[in-house]
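Enquirer: Please find start-v2.cif (mmCIF, C-alpha atoms and all ligand atoms) on the next line:
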data_coords
loop_
_atom_site.group_PDB
_atom_site.id
_atom_site.type_symbol
_atom_site.label_atom_id
_atom_site.label_comp_id
_atom_site.auth_asym_id
_atom_site.auth_seq_id
_atom_site.Cartn_x
_atom_site.Cartn_y
_atom_site.Cartn_z
ATOM 1 C CA MET A 184 -20.496 20.052 -8.758
ATOM 2 C CA PHE A 185 -20.707 18.872 -5.138
ATOM 3 C CA SER A 186 -19.991 15.292 -4.101
ATOM 4 C CA GLY A 187 -17.483 16.232 -1.428
ATOM 5 C CA GLY A 188 -16.009 19.214 -3.259
ATOM 6 C CA ILE A 189 -15.495 21.209 -6.426
ATOM 7 C CA ARG A 190 -14.426 19.005 -9.334
ATOM 8 C CA LEU A 191 -10.943 19.981 -10.585
ATOM 9 C CA CYS A 192 -10.107 17.253 -13.087
ATOM 10 C CA ARG A 193 -9.876 13.519 -13.666
ATOM 11 C CA LEU A 194 -6.389 12.005 -13.415
ATOM 12 C CA PHE A 195 -5.485 8.321 -14.081
ATOM 13 C CA GLY A 196 -9.182 7.413 -13.743
ATOM 14 C CA THR A 197 -9.629 9.175 -10.393
ATOM 15 C CA GLU A 198 -11.673 12.330 -9.829
ATOM 16 C CA ILE A 199 -9.827 15.191 -8.048
ATOM 17 C CA LEU A 200 -12.090 17.378 -5.895
ATOM 18 C CA LEU A 201 -11.336 20.528 -3.938
ATOM 19 C CA HIS A 202 -13.168 20.722 -0.605
ATOM 20 C CA PRO A 203 -14.761 24.150 0.072
ATOM 21 C CA LEU A 204 -12.731 24.286 3.334
ATOM 22 C CA TRP A 205 -9.566 24.554 1.201
ATOM 23 C CA PHE A 206 -10.477 28.224 0.743
ATOM 24 C CA LEU A 207 -9.986 28.599 4.502
ATOM 25 C CA LEU A 208 -6.245 28.387 3.712
ATOM 26 C CA LEU A 209 -6.601 31.469 1.520
ATOM 27 C CA ALA A 210 -8.561 33.244 4.261
ATOM 28 C CA VAL A 211 -5.983 32.394 6.949
ATOM 29 C CA PHE A 212 -2.737 32.857 4.996
ATOM 30 C CA VAL A 213 -3.472 35.133 2.024
ATOM 31 C CA LEU A 214 -6.169 37.523 3.220
ATOM 32 C CA PRO A 215 -4.008 39.251 5.907
ATOM 33 C CA SER A 216 -1.326 40.153 3.297
ATOM 34 C CA LEU A 217 -3.983 41.295 0.864
ATOM 35 C CA LEU A 218 -5.661 43.496 3.495
ATOM 36 C CA ALA A 219 -2.261 45.012 4.341
ATOM 37 C CA GLY A 220 -1.836 45.927 0.656
ATOM 38 C CA GLN A 221 1.042 43.428 0.126
ATOM 39 C CA VAL A 222 -0.174 42.068 -3.223
ATOM 40 C CA ALA A 223 3.166 40.433 -4.164
ATOM 41 C CA ALA A 224 3.317 38.550 -0.834
ATOM 42 C CA ALA A 225 -0.330 37.445 -1.245
ATOM 43 C CA ALA A 226 0.418 36.169 -4.782
ATOM 44 C CA THR A 227 3.519 34.268 -3.558
ATOM 45 C CA ILE A 228 1.563 32.592 -0.740
ATOM 46 C CA THR A 229 -1.265 31.656 -3.165
ATOM 47 C CA LEU A 230 1.289 30.125 -5.570
ATOM 48 C CA PHE A 231 2.872 28.265 -2.641
ATOM 49 C CA LEU A 232 -0.536 26.871 -1.575
ATOM 50 C CA ILE A 233 -1.142 25.686 -5.152
ATOM 51 C CA PHE A 234 2.244 23.885 -5.192
ATOM 52 C CA LEU A 235 1.488 22.438 -1.748
ATOM 53 C CA SER A 236 -1.858 21.089 -3.004
ATOM 54 C CA ALA A 237 -0.133 19.619 -6.079
ATOM 55 C CA SER A 238 2.331 17.865 -3.722
ATOM 56 C CA VAL A 239 -0.623 16.531 -1.711
ATOM 57 C CA ILE A 240 -2.189 15.190 -4.948
ATOM 58 C CA GLY A 241 1.123 13.422 -5.736
ATOM 59 C CA HIS A 242 1.162 11.975 -2.210
ATOM 60 C CA GLU A 243 -2.423 10.700 -2.593
ATOM 61 C CA PHE A 244 -1.666 9.136 -5.999
ATOM 62 C CA ALA A 245 1.212 7.200 -4.407
ATOM 63 C CA HIS A 246 -1.431 5.636 -2.086
ATOM 64 C CA ILE A 247 -3.795 5.104 -5.042
ATOM 65 C CA PHE A 248 -1.210 3.313 -7.228
ATOM 66 C CA VAL A 249 -0.173 0.914 -4.446
ATOM 67 C CA GLY A 250 -3.902 0.368 -3.715
ATOM 68 C CA ARG A 251 -4.463 -0.546 -7.382
ATOM 69 C CA TRP A 252 -1.630 -3.041 -7.121
ATOM 70 C CA TYR A 253 -3.799 -4.778 -4.498
ATOM 71 C CA GLY A 254 -6.850 -4.522 -6.807
ATOM 72 C CA ILE A 255 -8.426 -1.594 -4.919
ATOM 73 C CA GLN A 256 -9.899 1.214 -6.999
ATOM 74 C CA THR A 257 -10.179 4.850 -5.915
ATOM 75 C CA GLU A 258 -13.073 6.847 -7.268
ATOM 76 C CA LYS A 259 -11.989 10.256 -5.962
ATOM 77 C CA VAL A 260 -9.409 12.295 -4.071
ATOM 78 C CA ILE A 261 -10.553 15.223 -1.925
ATOM 79 C CA ILE A 262 -8.089 18.047 -1.248
ATOM 80 C CA ASN A 263 -8.900 19.670 2.065
ATOM 81 C CA PHE A 264 -7.327 22.521 4.017
ATOM 82 C CA PHE A 265 -5.271 20.115 6.123
ATOM 83 C CA GLY A 266 -4.260 17.679 3.364
ATOM 84 C CA GLY A 267 -5.889 15.176 1.086
ATOM 85 C CA ALA A 268 -7.916 11.993 1.298
ATOM 86 C CA ALA A 269 -8.021 9.222 -1.307
ATOM 87 C CA MET A 270 -11.478 7.637 -1.101
ATOM 88 C CA MET A 271 -10.545 3.984 -1.677
ATOM 89 C CA GLU A 272 -13.364 1.488 -2.274
ATOM 90 C CA ARG A 273 -12.050 -0.521 0.691
ATOM 91 C CA ILE A 274 -9.081 -0.591 3.068
ATOM 92 C CA PRO A 275 -7.380 -3.965 3.265
ATOM 93 C CA PHE A 276 -6.062 -5.339 6.564
ATOM 94 C CA GLY A 277 -2.512 -6.223 7.522
ATOM 95 C CA ILE A 278 0.587 -5.667 5.399
ATOM 96 C CA PRO A 279 -1.395 -4.344 2.365
ATOM 97 C CA GLU A 280 -2.781 -1.555 4.612
ATOM 98 C CA SER A 281 0.772 -0.773 5.812
ATOM 99 C CA ASN A 282 2.148 -0.705 2.270
ATOM 100 C CA ILE A 283 -0.631 1.556 0.975
ATOM 101 C CA GLY A 284 -0.103 3.808 4.023
ATOM 102 C CA MET A 285 3.657 3.946 3.494
ATOM 103 C CA ALA A 286 3.499 4.952 -0.187
ATOM 104 C CA GLY A 287 2.235 8.507 0.471
ATOM 105 C CA PRO A 288 4.864 9.656 3.013
ATOM 106 C CA LEU A 289 7.552 7.948 0.909
ATOM 107 C CA PHE A 290 6.522 10.114 -2.063
ATOM 108 C CA SER A 291 6.626 13.258 0.137
ATOM 109 C CA TYR A 292 10.082 12.355 1.530
ATOM 110 C CA VAL A 293 11.532 11.637 -1.931
ATOM 111 C CA LEU A 294 10.112 14.869 -3.425
ATOM 112 C CA GLY A 295 11.248 16.836 -0.358
ATOM 113 C CA VAL A 296 14.798 15.449 -0.552
ATOM 114 C CA LEU A 297 15.024 16.037 -4.335
ATOM 115 C CA LEU A 298 13.896 19.667 -4.034
ATOM 116 C CA SER A 299 16.113 20.362 -1.004
ATOM 117 C CA LEU A 300 19.188 18.594 -2.371
ATOM 118 C CA PRO A 301 20.739 21.618 -4.172
ATOM 119 C CA PHE A 302 20.693 23.636 -0.942
ATOM 120 C CA TRP A 303 22.093 20.806 1.147
ATOM 121 C CA CYS A 304 24.904 20.647 -1.431
ATOM 122 C CA GLY A 305 25.670 24.332 -0.816
ATOM 123 C CA VAL A 306 23.732 26.125 -3.605
ATOM 124 C CA PRO A 307 22.841 29.538 -2.068
ATOM 125 C CA HIS A 308 19.279 30.912 -2.020
ATOM 126 C CA THR A 309 20.069 33.600 -4.548
ATOM 127 C CA SER A 310 16.769 33.970 -6.358
ATOM 128 C CA PHE A 311 13.066 33.974 -5.642
ATOM 129 C CA VAL A 312 12.574 30.786 -7.719
ATOM 130 C CA LEU A 313 15.347 28.855 -5.912
ATOM 131 C CA ASP A 314 14.037 29.949 -2.548
ATOM 132 C CA PHE A 315 10.507 28.971 -3.571
ATOM 133 C CA ILE A 316 11.708 25.480 -4.618
ATOM 134 C CA TYR A 317 13.461 25.104 -1.267
ATOM 135 C CA GLN A 318 10.267 26.065 0.598
ATOM 136 C CA VAL A 319 8.187 23.533 -1.382
ATOM 137 C CA GLY A 320 10.840 20.863 -0.644
ATOM 138 C CA TYR A 321 10.805 21.741 3.047
ATOM 139 C CA ILE A 322 6.997 21.556 3.289
ATOM 140 C CA ASN A 323 7.079 18.125 1.583
ATOM 141 C CA LEU A 324 9.571 16.841 4.167
ATOM 142 C CA PHE A 325 7.252 18.188 6.857
ATOM 143 C CA LEU A 326 4.245 16.566 5.119
ATOM 144 C CA GLY A 327 6.087 13.220 5.084
ATOM 145 C CA LEU A 328 7.082 13.512 8.743
ATOM 146 C CA PHE A 329 3.635 14.673 9.887
ATOM 147 C CA ASN A 330 1.945 11.810 8.020
ATOM 148 C CA THR A 331 4.309 9.209 9.472
ATOM 149 C CA LEU A 332 3.149 9.975 13.030
ATOM 150 C CA PRO A 333 1.391 6.872 14.407
ATOM 151 C CA ILE A 334 -1.982 8.631 14.761
ATOM 152 C CA PHE A 335 -5.311 8.079 12.992
ATOM 153 C CA PRO A 336 -6.267 9.228 10.395
ATOM 154 C CA MET A 337 -2.633 9.823 9.404
ATOM 155 C CA ASP A 338 -0.719 7.272 7.324
ATOM 156 C CA GLY A 339 1.491 6.379 10.303
ATOM 157 C CA GLY A 340 -1.632 5.147 12.140
ATOM 158 C CA ARG A 341 -2.509 2.898 9.193
ATOM 159 C CA ILE A 342 1.061 1.610 8.860
ATOM 160 C CA LEU A 343 1.087 0.687 12.580
ATOM 161 C CA ARG A 344 -2.395 -0.898 12.488
ATOM 162 C CA GLY A 345 -1.409 -3.005 9.448
ATOM 163 C CA VAL A 346 1.683 -4.326 11.264
ATOM 164 C CA LEU A 347 -0.269 -4.984 14.504
ATOM 165 C CA PHE A 348 -2.999 -6.799 12.578
ATOM 166 C CA HIS A 349 -0.393 -8.881 10.747
ATOM 167 C CA PHE A 350 0.664 -10.300 14.126
ATOM 168 C CA ASN A 351 -2.536 -10.368 16.217
ATOM 169 C CA ARG A 352 -5.217 -10.772 13.465
ATOM 170 C CA LYS A 353 -7.628 -8.623 15.510
ATOM 171 C CA ILE A 354 -8.776 -5.491 13.722
ATOM 172 C CA VAL A 355 -10.737 -3.897 16.607
ATOM 173 C CA LEU A 356 -7.881 -4.444 19.091
ATOM 174 C CA SER A 357 -5.261 -3.175 16.585
ATOM 175 C CA THR A 358 -7.333 -0.031 15.971
ATOM 176 C CA LYS A 359 -7.728 0.506 19.731
ATOM 177 C CA ILE A 360 -3.948 0.238 20.298
ATOM 178 C CA VAL A 361 -3.259 2.777 17.514
ATOM 179 C CA MET A 362 -5.884 5.120 18.996
ATOM 180 C CA ILE A 363 -4.197 4.950 22.451
ATOM 181 C CA VAL A 364 -0.715 5.417 20.916
ATOM 182 C CA GLY A 365 -2.146 8.383 18.993
ATOM 183 C CA PHE A 366 -3.500 10.034 22.130
ATOM 184 C CA CYS A 367 0.004 9.788 23.676
ATOM 185 C CA VAL A 368 1.755 11.080 20.523
ATOM 186 C CA ILE A 369 -0.623 13.999 19.719
ATOM 187 C CA PRO A 370 0.462 16.285 22.623
ATOM 188 C CA ILE A 371 4.189 15.528 22.068
ATOM 189 C CA ALA A 372 3.898 16.108 18.293
ATOM 190 C CA PHE A 373 2.085 19.384 18.677
ATOM 191 C CA VAL A 374 4.465 20.743 21.277
ATOM 192 C CA THR A 375 7.568 19.896 19.210
ATOM 193 C CA LEU A 376 6.355 20.197 15.585
ATOM 194 C CA ILE A 377 3.713 22.906 15.425
ATOM 195 C CA PRO A 378 3.568 26.243 17.254
ATOM 196 C CA PRO A 379 0.347 26.495 19.314
ATOM 197 C CA THR A 380 -1.903 28.800 17.297
ATOM 198 C CA PHE A 381 -5.692 28.975 16.992
ATOM 199 C CA PHE A 382 -5.358 27.156 13.636
ATOM 200 C CA SER A 383 -3.256 24.285 15.082
ATOM 201 C CA ILE A 384 -5.647 23.861 18.032
ATOM 202 C CA ILE A 385 -8.515 23.344 15.531
ATOM 203 C CA ILE A 386 -6.395 20.728 13.706
ATOM 204 C CA VAL A 387 -5.607 18.901 16.988
ATOM 205 C CA GLY A 388 -9.347 18.855 17.823
ATOM 206 C CA LEU A 389 -10.170 17.482 14.361
ATOM 207 C CA ILE A 390 -7.484 14.788 14.590
ATOM 208 C CA ILE A 391 -8.718 13.638 18.018
ATOM 209 C CA LYS A 392 -12.265 13.469 16.629
ATOM 210 C CA MET A 393 -11.165 11.495 13.547
ATOM 211 C CA CYS A 394 -9.117 9.162 15.769
ATOM 212 C CA LEU A 395 -12.240 8.355 17.829
ATOM 213 C CA ASP A 396 -14.413 8.106 14.686
ATOM 214 C CA GLU A 397 -12.069 5.518 13.148
ATOM 215 C CA TYR A 398 -12.172 3.349 16.285
ATOM 216 C CA ASN A 399 -15.976 3.588 16.622
ATOM 217 C CA MET A 400 -16.463 2.818 12.938
ATOM 218 C CA VAL A 401 -14.236 -0.289 13.078
ATOM 219 C CA LYS A 402 -15.893 -1.403 16.343
ATOM 220 C CA MET A 403 -19.357 -1.060 14.781
ATOM 221 C CA ALA A 404 -18.400 -2.743 11.512
ATOM 222 C CA TYR A 405 -16.631 -5.741 13.045
ATOM 223 C CA LYS A 406 -18.404 -6.323 16.336
ATOM 224 C CA ASP A 407 -20.629 -8.960 14.733
ATOM 225 C CA VAL A 408 -17.726 -10.666 13.026
ATOM 226 C CA SER A 409 -16.003 -11.276 16.365
ATOM 227 C CA ASP A 410 -19.108 -13.107 17.581
ATOM 228 C CA PRO A 411 -18.810 -16.772 16.497
ATOM 229 C CA ASN A 412 -22.591 -17.205 16.713
ATOM 230 C CA LYS A 413 -23.054 -14.619 13.985
ATOM 231 C CA LEU A 414 -20.764 -16.210 11.412
ATOM 232 C CA ASP A 415 -21.977 -15.025 8.015
ATOM 233 C CA PRO A 416 -22.888 -18.147 5.977
ATOM 234 C CA LEU A 417 -22.738 -16.144 2.739
ATOM 235 C CA ARG A 418 -19.109 -15.158 3.385
ATOM 236 C CA VAL A 419 -18.207 -18.736 4.233
ATOM 237 C CA SER A 420 -19.821 -20.042 1.037
ATOM 238 C CA GLN A 421 -18.114 -17.285 -1.005
ATOM 239 C CA CYS A 422 -14.768 -18.403 0.379
ATOM 240 C CA GLU A 423 -15.663 -22.048 -0.214
ATOM 241 C CA ALA A 424 -16.462 -21.270 -3.863
ATOM 242 C CA LEU A 425 -13.123 -19.453 -4.282
ATOM 243 C CA ILE A 426 -11.249 -22.454 -2.815
ATOM 244 C CA TYR A 427 -12.976 -24.929 -5.165
ATOM 245 C CA VAL A 428 -12.553 -22.773 -8.248
ATOM 246 C CA PHE A 429 -9.092 -21.245 -7.829
ATOM 247 C CA GLY A 430 -7.433 -23.414 -5.195
ATOM 248 C CA PRO A 431 -6.836 -22.658 -1.513
ATOM 249 C CA ASP A 432 -3.551 -20.819 -2.107
ATOM 250 C CA SER A 433 -4.790 -18.377 -4.758
ATOM 251 C CA LYS A 434 -4.367 -14.664 -4.074
ATOM 252 C CA ASP A 435 -8.161 -14.211 -4.030
ATOM 253 C CA VAL A 436 -8.639 -16.796 -1.292
ATOM 254 C CA VAL A 437 -5.750 -15.424 0.791
ATOM 255 C CA ASP A 438 -7.096 -11.849 0.431
ATOM 256 C CA PHE A 439 -10.617 -12.993 1.294
ATOM 257 C CA ILE A 440 -9.474 -14.778 4.461
ATOM 258 C CA ARG A 441 -7.295 -11.798 5.403
ATOM 259 C CA GLU A 442 -10.355 -9.569 5.307
ATOM 260 C CA HIS A 443 -12.166 -11.769 7.813
ATOM 261 C CA THR A 444 -10.563 -11.483 11.177
ATOM 262 C CA ASN A 445 -12.959 -13.742 13.023
ATOM 263 C CA PRO A 446 -11.007 -16.718 14.468
ATOM 264 C CA GLU A 447 -14.172 -18.796 14.069
ATOM 265 C CA PHE A 448 -14.314 -17.898 10.365
ATOM 266 C CA ASP A 449 -10.645 -18.889 10.001
ATOM 267 C CA ARG A 450 -11.293 -22.224 11.766
ATOM 268 C CA VAL A 451 -14.197 -23.075 9.429
ATOM 269 C CA ILE A 452 -12.152 -22.135 6.354
ATOM 270 C CA ILE A 453 -9.092 -24.113 7.510
ATOM 271 C CA GLU A 454 -11.385 -27.142 7.934
ATOM 272 C CA LYS A 455 -12.714 -26.654 4.395
ATOM 273 C CA ILE A 456 -9.213 -26.257 2.951
ATOM 274 C CA SER A 457 -8.010 -29.417 4.759
ATOM 275 C CA ALA A 458 -11.036 -31.389 3.523
ATOM 276 C CA TRP A 459 -10.405 -30.104 -0.034
ATOM 277 C CA ARG A 460 -6.742 -31.136 0.106
ATOM 278 C CA LEU A 461 -7.706 -34.697 1.144
ATOM 279 C CA LEU A 462 -9.971 -35.168 -1.894
ATOM 280 C CA ASP A 463 -8.619 -37.101 -4.858
ATOM 281 C CA PRO A 464 -8.074 -35.099 -8.095
ATOM 282 C CA LEU A 465 -11.211 -36.452 -9.781
ATOM 283 C CA ASP A 466 -13.437 -35.376 -6.875
ATOM 284 C CA LYS A 467 -11.725 -31.971 -6.810
ATOM 285 C CA ARG A 468 -12.497 -31.508 -10.506
ATOM 286 C CA LYS A 469 -16.122 -32.593 -9.925
ATOM 287 C CA LEU A 470 -16.520 -30.154 -7.027
ATOM 288 C CA GLN A 471 -14.931 -27.400 -9.098
ATOM 289 C CA ILE A 472 -17.361 -27.994 -12.001
ATOM 290 C CA GLU A 473 -20.368 -28.074 -9.638
ATOM 291 C CA THR A 474 -19.222 -24.828 -7.969
ATOM 292 C CA LEU A 475 -18.701 -23.088 -11.331
ATOM 293 C CA HIS A 476 -22.133 -24.329 -12.441
ATOM 294 C CA LYS A 477 -23.792 -22.963 -9.263
ATOM 295 C CA THR A 478 -21.914 -19.710 -8.719
ATOM 296 C CA MET A 479 -21.654 -18.616 -12.352
ATOM 297 C CA ARG A 480 -25.097 -19.941 -13.339
ATOM 298 C CA ILE A 481 -23.732 -21.727 -16.409
ATOM 299 C CA SER A 482 -24.574 -25.183 -17.717
ATOM 300 C CA LEU A 483 -22.635 -28.182 -16.401
ATOM 301 C CA GLU A 484 -21.123 -28.652 -19.892
ATOM 302 C CA ASP A 485 -19.881 -25.035 -19.965
ATOM 303 C CA ALA A 486 -18.612 -25.399 -16.394
ATOM 304 C CA ALA A 487 -16.684 -28.533 -17.403
ATOM 305 C CA ARG A 488 -15.176 -26.666 -20.367
ATOM 306 C CA MET A 489 -14.243 -23.712 -18.133
ATOM 307 C CA SER A 490 -12.825 -26.035 -15.479
ATOM 308 C CA ARG A 491 -10.413 -27.515 -18.011
ATOM 309 C CA ASP A 492 -8.903 -24.034 -18.514
ATOM 310 C CA ILE A 493 -8.313 -23.478 -14.793
ATOM 311 C CA LYS A 494 -5.019 -24.850 -13.565
ATOM 312 C CA LEU A 495 -5.514 -26.015 -10.005
ATOM 313 C CA PRO A 496 -2.815 -27.467 -7.743
ATOM 314 C CA GLY A 497 -3.539 -31.157 -7.238
ATOM 315 C CA VAL A 498 -6.051 -31.331 -10.087
ATOM 316 C CA GLY A 499 -4.755 -32.966 -13.237
ATOM 317 C CA ASP A 500 -6.029 -32.688 -16.802
ATOM 318 C CA ASP A 501 -8.396 -35.655 -16.729
HETATM 319 ZN ZN ZN B 601 -1.179 9.893 3.038
#
How would this structure read if it were set down as structure tokens?
Expert:
Amino acid sequence: MFSGGIRLCRLFGTEILLHPLWFLLLAVFVLPSLLAGQVAAAATITLFLIFLSASVIGHEFAHIFVGRWYGIQTEKVIINFFGGAAMMERIPFGIPESNIGMAGPLFSYVLGVLLSLPFWCGVPHTSFVLDFIYQVGYINLFLGLFNTLPIFPMDGGRILRGVLFHFNRKIVLSTKIVMIVGFCVIPIAFVTLIPPTFFSIIIVGLIIKMCLDEYNMVKMAYKDVSDPNKLDPLRVSQCEALIYVFGPDSKDVVDFIREHTNPEFDRVIIEKISAWRLLDPLDKRKLQIETLHKTMRISLEDAARMSRDIKLPGVGDD
């Protein structure tokens, strides 16, 4: 039952889990009404929390679908008391990270606008159902706005880091800038957006902690990569194999290089791509067959057969 939460269901190949802390929402928002004997109010708030969680699931699936477009799978989504988290197998750098980050708030904005539209057009709040729809729309607009703030671990932080990385190609520095921006935005956001309650102070504390965690994690994971003396030969040879098999401009090669922010890694790969481009088509085909033979552990004859099926720029059908 527990691998981060209580299993709710499986949707589009992704597991949806409810974190035990979600029940804190019930304790904070429903229990007081229940204790005061206001059963109808308690039921309305519970229903509202269920609709809010469904909106969060929709928001997370917007991230998941854009992630899949980039070939990234998501095993599970965890619904927590302060939102949701799609556990993607990896987070790409640069514009893909921005696009995945943008999808969620965009979903919340669109849903919020659609649900609020009748009231903006002058339809009065005459019934419980209409009022309820308006409230769900309003919370979705808030969810979109809150998530667009340029703070980790919010989507706005990821959108900003993706854009920064696109220009500076330095993941640790980009993360550091977003963390500093976040520390400036957090006090302003919480003074203007959220009334200072015990609950919101806990959330601010958690966000600051997650902000620091993200930076420390990225620093730990990529500190070796920024050291040219520790260039990973396996990664270089993986990239080399991709160049020889699919061509230097294939999506796989571009994605692979994008994931390696080390300028030294880039320099080595650019050298390999230049050397590959200077080869004549026959040598390219030979290198491609040898690489297929080595990396896929198939016979040279099978590699030659496979090579004929791979269209490669600058390699003719000899
Ligand atoms: Zn999101």
Enquirer: Which of these, A:Phe290, A:Phe212, A:Phe234, A:Trp459, has the shortest distance to ligand ZN 601 (chain B) once you count only C-alpha atoms and all ligand atoms?
Expert: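 Closest candidate: A:Phe290.
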Enquirer: Would you list the residues that come within 8 Å of ligand ZN 601 (chain B)? Count all atoms listed in the file and give the answer as a list in words.
Expert: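 I would give the residues around ligand ZN 601 (chain B) as His242, Glu243, His246, Gly267, Ala268, Gly284, Met285, Ala286, Gly287, Pro288, Asn330, Met337 and Asp338 of chain A.
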Enquirer: Under the rule that only C-alpha atoms are counted, which of A:Asp432, A:Glu280, A:Asp438, A:Asp485 is the nearest residue to A:Arg344?
Expert: A:Glu280
Enquirer: Using the chain letters and numbering of this document, enumerate as a PyMOL selection string the residues selected by the PyMOL selection byres (((chain A and resi 273) around 12) and not hetatm).
Expert: chain A and resi 247+250-251+253-258+269-272+274-276+279-280+283+442
Enquirer: By how many Å are atom CA of A:Glu198 and atom CA of A:Val260 apart?
Expert: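 It comes out at 6.2 Å.
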Enquirer: Between A:Thr474, A:Ser216, A:Ser357, A:Ser281, single out the one closest to A:Gln421, counting all atoms listed in the file.
Expert: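 That would be A:Thr474, the residue with the smallest distance to A:Gln421.
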Enquirer: Mind listing as a count of residues only all residues within 12 Å of (-14.2, 24.6, 2.2), counting only C-alpha atoms?
Expert: 20
Enquirer: Leaving out A:Leu470 and any residue of its chain fewer than 3 positions from it, which residues lie within 12 Å of it when counting only C-alpha atoms, given as an NGL selection string?
Expert: :A and (423-430 or 458-459 or 462-467 or 473-478 or 483 or 486-487 or 490 or 498)
Enquirer: If the PyMOL selection byres (((chain A and resi 311-327) around 7) and not hetatm) were run on this exact file, what residues would it hold? Put them as a VMD selection string.
Expert: chain A and resid 235 288 to 289 291 to 292 294 to 296 298 to 299 308 to 310 328 to 331
Enquirer: Looking at only C-alpha atoms, which of A:Arg341, A:Phe366, A:Ile371, A:Phe302 is the one that sits closest to A:Gly388?
Expert: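 Ranked by minimum distance to A:Gly388, first place goes to A:Phe366.
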Enquirer: Counting only C-alpha atoms, which residue out of A:Ala224, A:Gly266, A:Ile354, A:Trp303 sits closest to A:Ser238?
Expert: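 The closest residue to A:Ser238 is A:Gly266.
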Enquirer: What's the 10 Å shell around stretch 389-397 of chain A, counting only C-alpha atoms, without same-chain residues fewer than 4 positions away, as a list in words?
Expert: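 Listed by chain and then number, they are Phe265, Ile334, Phe335, Pro336, Met337, Gly340, Thr358, Lys359, Val361, Met362, Ile363, Gly365, Phe366, Ile369, Ser383, Ile384, Ile385, Val401, Lys402 and Met403 of chain A.
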Enquirer: Using C-alpha atoms, can you export the residues from the last selection as an mmCIF file, in the frame of the given file?
Expert:
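New file part-v2.cif:
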data_model
loop_
_atom_site.group_PDB
_atom_site.id
_atom_site.type_symbol
_atom_site.label_atom_id
_atom_site.label_comp_id
_atom_site.auth_asym_id
_atom_site.auth_seq_id
_atom_site.Cartn_x
_atom_site.Cartn_y
_atom_site.Cartn_z
ATOM 1 C CA PHE A 265 -5.271 20.115 6.123
ATOM 2 C CA ILE A 334 -1.982 8.631 14.761
ATOM 3 C CA PHE A 335 -5.311 8.079 12.992
ATOM 4 C CA PRO A 336 -6.267 9.228 10.395
ATOM 5 C CA MET A 337 -2.633 9.823 9.404
ATOM 6 C CA GLY A 340 -1.632 5.147 12.140
ATOM 7 C CA THR A 358 -7.333 -0.031 15.971
ATOM 8 C CA LYS A 359 -7.728 0.506 19.731
ATOM 9 C CA VAL A 361 -3.259 2.777 17.514
ATOM 10 C CA MET A 362 -5.884 5.120 18.996
ATOM 11 C CA ILE A 363 -4.197 4.950 22.451
ATOM 12 C CA GLY A 365 -2.146 8.383 18.993
ATOM 13 C CA PHE A 366 -3.500 10.034 22.130
ATOM 14 C CA ILE A 369 -0.623 13.999 19.719
ATOM 15 C CA SER A 383 -3.256 24.285 15.082
ATOM 16 C CA ILE A 384 -5.647 23.861 18.032
ATOM 17 C CA ILE A 385 -8.515 23.344 15.531
ATOM 18 C CA VAL A 401 -14.236 -0.289 13.078
ATOM 19 C CA LYS A 402 -15.893 -1.403 16.343
ATOM 20 C CA MET A 403 -19.357 -1.060 14.781
#
Enquirer: Just the number, please: distance in Å from atom CA of A:Phe439 to atom CA of A:Val364, one decimal.
Expert: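 Separation between atom CA of A:Phe439 and atom CA of A:Val364: 28.7 Å.
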Enquirer: Please put the answer as AutoDock Vina command-line options: centre and edge lengths, in Å with one decimal, of a box along x, y and z that encloses all listed atoms of stretch 307-316 of chain A plus 5 Å on each side.
Expert:
--center_x 16.7 --center_y 29.7 --center_z -4.9 --size_x 22.3 --size_y 18.5 --size_z 15.7
Enquirer: To one decimal in Å, tell me the separation between atom CA of A:Leu214 and atom CA of A:Pro378.
Expert: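 Atom-to-atom, atom CA of A:Leu214 and atom CA of A:Pro378 are spaced 20.5 Å apart.
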Enquirer: Applied to this file, what does the PyMOL selection byres (((chain A and resi 347) around 9) and not hetatm) return in terms of residues, put as a PyMOL selection string?
Expert: chain A and resi 277+342-346+348-354+356-358+360-361
Enquirer: Considering all atoms listed in the file, state which residue in the set A:Val211, A:Arg190, A:Ala237, A:Lys434 is at the smallest distance from A:Ala225.
Expert: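 The shortest atom-to-atom distance to A:Ala225 comes from A:Val211.
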